[in-house]
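For reference, the structure discussed in these notes is given below.
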Amino acid sequence: MSVGGANEGRKLVKAASSLLALAMFVAGCGGGHKADPAAEAPPPAQVEHAQDLSVITVDHPERFALVAATKHEEAPELAVTGTVTPDISKTVPVITLASGRVVAIYARLGDTVKKGQRLLTVRSDDVSQAYSDYRKAVADEFLARKQLERSKDLYEHGANSLNDLQTAQDTEDKAIVDVETTAEHLRLLGNDPDHVATAVDIFAPVSGVITDQQVTSASGVQGLSSPNPFTISDLSDVWVVCDVYENDLPTVRLGDTAAIRLNAYPGMELNGKVSNISAILDPNLRTAKVRVEVHNPGMLRPGMFVTAIFRGVKKETLAAVPATAILHLHDRDWIFVPAGGSKFRRVEVKSGNNLPGNLQEIISGLKPGDQVVQNALVMQNTVEQ
């Protein structure tokens, strides 16, 4: 290549370098200008609304008949758990004053006994001592009576003074008292003064059911210092004792009738009368004891759990719907109400008592006049398909 050609090439390279430097300078100067915020902002977020699972859409809503909830008036109810207990006024302990050893038992816990029925036999040294005292008193009275007869005879013949006669009469009177006292002691120990025996038979003082037993064969009794061998209760009338929270006490009043429902006998309901409301609250549970007196037709047993229903005086207005309009699902009650167009909403309610005409009351979740689907089960099946 000639010298002139080489120079021409170097000029072209310098020109290209100058143009590149100019372009980089212009780009650097352009970066100093403020950028457009709209151009640099991130794209707007896409908001997706969660689907309301309680709302369903059907193709033919006319297939599901609607009914209006009717009005139903009923007094508010308070249901509490109670325990059956014997009537204390009709509970009688079986006692014995004789101390000794039990040699025979003729009745057991839970047995029904009659008044005068023999319950147990106790062999007692107390009876032996009492018989000894009684026989000595009888002998002393016999001697005092003979002395009084002689004193009267001597006084009538002038061989005795009036003072001696009065002393003999006083001795006879005291001897008679001793005989009567020792005889009564034998009767209290459960024995007959006219028939000597070292064993004492204990009899039932009243008719009823043995609700407590504290003795067994060959056990010992210590008179009044030991627990009563038996307790007999008349269960023809019993008590139902309930715990009522202080906020619910206004619903319960003395003399009111309470319905008693038995867990062991579903469908059976007995009536009782509120006879006592405790004046003292349990400081821990904030409850008061309420006692209901109930006539026992035979199936109420002490210790049995029951449900006591107390009804208020002032009635409240509730809704009532056909029983088919309520769907029982997962231990809850549901109904379907129209939500506009082809949509229906499933609403949770609290159902109450069954009513005549295959109706059921709704305590909460629905008002009288509201529209509901007449057959909730058909609606639910349609949703699940």
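Here's how to read the names in the structure tokens: chain A, B, ... by the order shown, residue numbers from 1 in each chain, ligand numbers from 1 in the order shown.
Residues in contact range of Pro322 of chain A, defined as at most 12 Å between only C-alpha atoms, with sequence neighbours fewer than 6 positions away removed, read Leu66, Val67, Ala68, Ala69, Thr70, Ile335, Ser351, Asn354, Leu355, Pro356, Gly357, Asn358, Leu359, Gln360, Glu361, Ile362, Gln371, Val372, Val373, Gln374, Asn375 and Ala376 of chain A.
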Let me see the file: selected residues, N, CA and C atoms, as a JSON list (two decimals), in the first residue's frame.
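So the final result, stored in result_32.json, reads:
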[["chain", "number", "residue", "atom", "x", "y", "z"],
["A", 66, "LEU", "N", -90.82, -22.31, 47.17],
["A", 66, "LEU", "CA", -90.52, -21.46, 48.31],
["A", 66, "LEU", "C", -91.73, -21.35, 49.22],
["A", 67, "VAL", "N", -91.49, -21.26, 50.51],
["A", 67, "VAL", "CA", -92.55, -21.05, 51.49],
["A", 67, "VAL", "C", -92.12, -19.93, 52.43],
["A", 68, "ALA", "N", -93.10, -19.26, 52.99],
["A", 68, "ALA", "CA", -92.81, -18.18, 53.93],
["A", 68, "ALA", "C", -92.84, -18.72, 55.36],
["A", 69, "ALA", "N", -91.86, -18.32, 56.17],
["A", 69, "ALA", "CA", -91.83, -18.72, 57.58],
["A", 69, "ALA", "C", -93.01, -18.10, 58.31],
["A", 70, "THR", "N", -93.73, -18.92, 59.06],
["A", 70, "THR", "CA", -94.89, -18.43, 59.81],
["A", 70, "THR", "C", -94.48, -17.95, 61.19],
["A", 335, "ILE", "N", -80.77, -23.81, 56.34],
["A", 335, "ILE", "CA", -81.89, -23.58, 55.44],
["A", 335, "ILE", "C", -81.36, -22.89, 54.19],
["A", 351, "SER", "N", -82.57, -24.55, 65.43],
["A", 351, "SER", "CA", -83.95, -25.05, 65.47],
["A", 351, "SER", "C", -84.37, -25.32, 66.90],
["A", 354, "ASN", "N", -90.39, -29.40, 67.89],
["A", 354, "ASN", "CA", -91.28, -29.81, 66.81],
["A", 354, "ASN", "C", -92.68, -29.30, 67.10],
["A", 355, "LEU", "N", -93.36, -28.85, 66.07],
["A", 355, "LEU", "CA", -94.69, -28.27, 66.21],
["A", 355, "LEU", "C", -95.71, -29.10, 65.42],
["A", 356, "PRO", "N", -96.98, -28.98, 65.76],
["A", 356, "PRO", "CA", -98.00, -29.71, 64.99],
["A", 356, "PRO", "C", -97.98, -29.29, 63.52],
["A", 357, "GLY", "N", -98.44, -30.19, 62.65],
["A", 357, "GLY", "CA", -98.46, -29.90, 61.23],
["A", 357, "GLY", "C", -97.12, -30.08, 60.55],
["A", 358, "ASN", "N", -96.24, -30.91, 61.16],
["A", 358, "ASN", "CA", -94.91, -31.15, 60.60],
["A", 358, "ASN", "C", -94.10, -29.87, 60.47],
["A", 359, "LEU", "N", -94.27, -28.98, 61.43],
["A", 359, "LEU", "CA", -93.51, -27.73, 61.46],
["A", 359, "LEU", "C", -92.45, -27.81, 62.56],
["A", 360, "GLN", "N", -91.46, -26.94, 62.45],
["A", 360, "GLN", "CA", -90.41, -26.87, 63.45],
["A", 360, "GLN", "C", -90.06, -25.40, 63.67],
["A", 361, "GLU", "N", -89.93, -25.03, 64.95],
["A", 361, "GLU", "CA", -89.64, -23.64, 65.24],
["A", 361, "GLU", "C", -88.17, -23.33, 65.03],
["A", 362, "ILE", "N", -87.91, -22.08, 64.68],
["A", 362, "ILE", "CA", -86.55, -21.58, 64.48],
["A", 362, "ILE", "C", -86.28, -20.54, 65.55],
["A", 371, "GLN", "N", -88.63, -15.94, 53.13],
["A", 371, "GLN", "CA", -88.82, -17.04, 52.20],
["A", 371, "GLN", "C", -87.70, -18.07, 52.36],
["A", 372, "VAL", "N", -88.08, -19.35, 52.34],
["A", 372, "VAL", "CA", -87.11, -20.44, 52.42],
["A", 372, "VAL", "C", -87.50, -21.49, 51.39],
["A", 373, "VAL", "N", -86.50, -22.31, 51.00],
["A", 373, "VAL", "CA", -86.75, -23.44, 50.12],
["A", 373, "VAL", "C", -87.50, -24.51, 50.91],
["A", 374, "GLN", "N", -88.59, -25.01, 50.36],
["A", 374, "GLN", "CA", -89.44, -25.93, 51.10],
["A", 374, "GLN", "C", -88.75, -27.26, 51.37],
["A", 375, "ASN", "N", -87.93, -27.75, 50.45],
["A", 375, "ASN", "CA", -87.25, -29.03, 50.63],
["A", 375, "ASN", "C", -85.75, -28.80, 50.52],
["A", 376, "ALA", "N", -85.09, -28.70, 51.68],
["A", 376, "ALA", "CA", -83.66, -28.40, 51.69],
["A", 376, "ALA", "C", -82.83, -29.58, 51.23]]
What residues in segment 110-171 of chain A get the DSSP label alpha helix (DSSP H)? Please answer as a ChimeraX atom specification.
/A:125-156,162-171
What's around Met379 of chain A at 10 Å? Count only C-alpha atoms, leave out sequence neighbours fewer than 5 positions away in its own chain, and write the answer as JSON, numbers by chain.
{"A": [56, 58, 61, 63, 64, 325, 327, 335, 336, 344, 346, 373, 374, 384]}
Would you list the contacts of Ser233 of chain A as a VMD selection string, taking every protein, DNA or RNA residue within 12 Å and counting only C-alpha atoms, but skipping same-chain residues closer than 4 positions in sequence?
chain A and resid 85 to 94 109 to 115 204 to 213 237 to 239 301 to 302
I need the chosen residues saved as an mmCIF file, in the first residue's frame, with C-alpha atoms.
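What landed in part.cif:
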data_model
loop_
_atom_site.group_PDB
_atom_site.id
_atom_site.type_symbol
_atom_site.label_atom_id
_atom_site.label_comp_id
_atom_site.auth_asym_id
_atom_site.auth_seq_id
_atom_site.Cartn_x
_atom_site.Cartn_y
_atom_site.Cartn_z
ATOM 1 C CA THR A 85 -82.205 -37.442 94.947
ATOM 2 C CA PRO A 86 -84.463 -38.859 97.684
ATOM 3 C CA ASP A 87 -86.811 -36.513 99.504
ATOM 4 C CA ILE A 88 -84.972 -35.815 102.775
ATOM 5 C CA SER A 89 -88.247 -35.402 104.646
ATOM 6 C CA LYS A 90 -89.114 -38.984 103.657
ATOM 7 C CA THR A 91 -85.704 -40.480 104.431
ATOM 8 C CA VAL A 92 -85.457 -42.344 107.747
ATOM 9 C CA PRO A 93 -82.265 -43.809 109.281
ATOM 10 C CA VAL A 94 -82.405 -47.230 110.895
ATOM 11 C CA LEU A 109 -78.854 -52.024 99.533
ATOM 12 C CA GLY A 110 -81.559 -51.298 96.975
ATOM 13 C CA ASP A 111 -84.128 -53.700 98.454
ATOM 14 C CA THR A 112 -87.710 -52.592 98.951
ATOM 15 C CA VAL A 113 -88.831 -53.254 102.513
ATOM 16 C CA LYS A 114 -92.044 -52.947 104.492
ATOM 17 C CA LYS A 115 -92.547 -51.310 107.869
ATOM 18 C CA ALA A 204 -87.638 -51.326 109.465
ATOM 19 C CA PRO A 205 -89.306 -48.241 110.977
ATOM 20 C CA VAL A 206 -90.998 -47.289 107.671
ATOM 21 C CA SER A 207 -91.680 -48.763 104.256
ATOM 22 C CA GLY A 208 -89.439 -47.792 101.362
ATOM 23 C CA VAL A 209 -86.176 -48.559 99.585
ATOM 24 C CA ILE A 210 -82.833 -49.075 101.320
ATOM 25 C CA THR A 211 -80.723 -46.249 99.888
ATOM 26 C CA ASP A 212 -77.710 -46.664 102.185
ATOM 27 C CA GLN A 213 -76.071 -49.617 103.925
ATOM 28 C CA ASP A 237 -91.890 -38.581 95.617
ATOM 29 C CA VAL A 238 -88.342 -37.484 94.826
ATOM 30 C CA TRP A 239 -86.325 -34.318 94.335
ATOM 31 C CA ARG A 301 -83.949 -43.610 90.694
ATOM 32 C CA PRO A 302 -81.589 -41.683 92.980
#
Tell me which of A:Lys174, A:Asp140, A:Ala319, A:Asn191 sits closest to Gly369 of chain A, counting only C-alpha atoms.
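Using only C-alpha atoms, Gly369 of chain A sits closest to A:Ala319.
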Calculated over only C-alpha atoms, which of the candidates A:Gly298, A:Val127, A:Val337, A:Leu285 has the smallest distance to Asp234 of chain A?
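Smallest distance to Asp234 of chain A is found for A:Gly298.
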Hey, which of A:Lys367, A:Glu348, A:Val80, A:Ala308 ends up closest to Asp243 of chain A? Count only C-alpha atoms.
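Among the listed residues, A:Val80 lies closest to Asp243 of chain A.
Ranking A:Gly267, A:Gly223, A:Pro368, A:Gly82 by their shortest atom-to-atom distance to Val244 of chain A, with only C-alpha atoms included, puts A:Gly82 first.
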If you run DSSP on the backbone, which residues of segment 86-128 of chain A are strand (DSSP E or B), as an MDAnalysis selection string?
chainID A and resid 86 91:94 99:105 112:113 118:123
Need to verify the contact set: Pro76 of chain A, 12 Å, only C-alpha atoms, exclusion of same-chain residues closer than 3 positions in sequence. Can you return it as number ranges by chain?
A: 72-73, 79, 248, 250-252, 309-318, 352-353, 363
With C-alpha atoms retained, export the selected residues as a PDB file, in the first residue's frame.
ATOM      1  CA  HIS A  72     -95.046 -18.888  66.326  1.00  0.00           C
ATOM      2  CA  GLU A  73     -95.360 -17.597  69.885  1.00  0.00           C
ATOM      3  CA  ALA A  79     -82.994 -26.400  80.013  1.00  0.00           C
ATOM      4  CA  ASP A 248     -80.854 -17.523  84.197  1.00  0.00           C
ATOM      5  CA  PRO A 250     -85.133 -14.768  86.539  1.00  0.00           C
ATOM      6  CA  THR A 251     -86.602 -17.617  84.449  1.00  0.00           C
ATOM      7  CA  VAL A 252     -87.148 -19.761  87.572  1.00  0.00           C
ATOM      8  CA  ILE A 309     -87.181 -27.452  81.517  1.00  0.00           C
ATOM      9  CA  PHE A 310     -88.244 -24.130  83.034  1.00  0.00           C
ATOM     10  CA  ARG A 311     -90.610 -22.002  80.940  1.00  0.00           C
ATOM     11  CA  GLY A 312     -90.867 -18.229  81.290  1.00  0.00           C
ATOM     12  CA  VAL A 313     -94.142 -16.343  81.615  1.00  0.00           C
ATOM     13  CA  LYS A 314     -93.628 -13.770  78.837  1.00  0.00           C
ATOM     14  CA  LYS A 315     -93.941 -15.264  75.351  1.00  0.00           C
ATOM     15  CA  GLU A 316     -91.629 -14.406  72.466  1.00  0.00           C
ATOM     16  CA  THR A 317     -92.294 -14.517  68.721  1.00  0.00           C
ATOM     17  CA  LEU A 318     -90.351 -17.091  66.725  1.00  0.00           C
ATOM     18  CA  GLY A 352     -86.259 -25.579  68.399  1.00  0.00           C
ATOM     19  CA  ASN A 353     -89.191 -27.823  69.248  1.00  0.00           C
ATOM     20  CA  ILE A 363     -85.009 -19.923  67.521  1.00  0.00           C
TER      21      ILE A 363
END
Report, in Å with one decimal, the straight-line distance from atom CA of Thr182 of chain A to atom CA of Leu143 of chain A.
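We find that atom CA of Thr182 of chain A and atom CA of Leu143 of chain A lie 16.9 Å from each other.
In this comparison, which uses only C-alpha atoms, the residue of A:Asn381, A:Thr96, A:Ser275, A:Gln147 approaching Asn228 of chain A most closely is A:Thr96.
With only C-alpha atoms taken into account, the protein and nucleic acid residues at most 8 Å from segment 254-266 of chain A (excluding it and anything under 3 positions from it in its own chain) are Glu269, Leu270, Asn271, Gly272, Lys273, Val274, Ser275, Asn276, Ile277, Val292, Phe305, Val306, Thr307, Ala308, Ile309, Phe310 and Arg311 of chain A.
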Any chance you can output those residues with C-alpha atoms as a CSV table (one decimal), in the first residue's frame?
chain,number,residue,atom,x,y,z
A,269,GLU,CA,-92.0,-36.0,80.3
A,270,LEU,CA,-93.0,-35.6,83.9
A,271,ASN,CA,-94.2,-32.5,85.7
A,272,GLY,CA,-92.6,-31.2,88.9
A,273,LYS,CA,-93.0,-28.1,91.1
A,274,VAL,CA,-90.2,-25.7,92.0
A,275,SER,CA,-90.1,-25.9,95.8
A,276,ASN,CA,-86.9,-24.1,96.7
A,277,ILE,CA,-84.3,-21.8,95.1
A,292,VAL,CA,-88.0,-29.5,92.0
A,305,PHE,CA,-79.5,-37.6,85.4
A,306,VAL,CA,-82.5,-35.8,84.0
A,307,THR,CA,-83.2,-32.5,82.1
A,308,ALA,CA,-85.3,-29.9,83.8
A,309,ILE,CA,-87.2,-27.5,81.5
A,310,PHE,CA,-88.2,-24.1,83.0
A,311,ARG,CA,-90.6,-22.0,80.9
Go ahead and compute the interatomic distance for atom CA of Ser217 of chain A and atom CA of Leu97 of chain A, in Å to one decimal.
18.2 Å
Name all residues at most 12 Å from Gln222 of chain A (count only C-alpha atoms; drop same-chain ones fewer than 3 positions away) and give them as a count of residues only.
20
Taking only C-alpha atoms into account, name the residue in A:Thr216, A:Thr171, A:Asn284, A:Ser128 that is nearest to Phe142 of chain A.
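The shortest atom-to-atom distance to Phe142 of chain A comes from A:Thr171.
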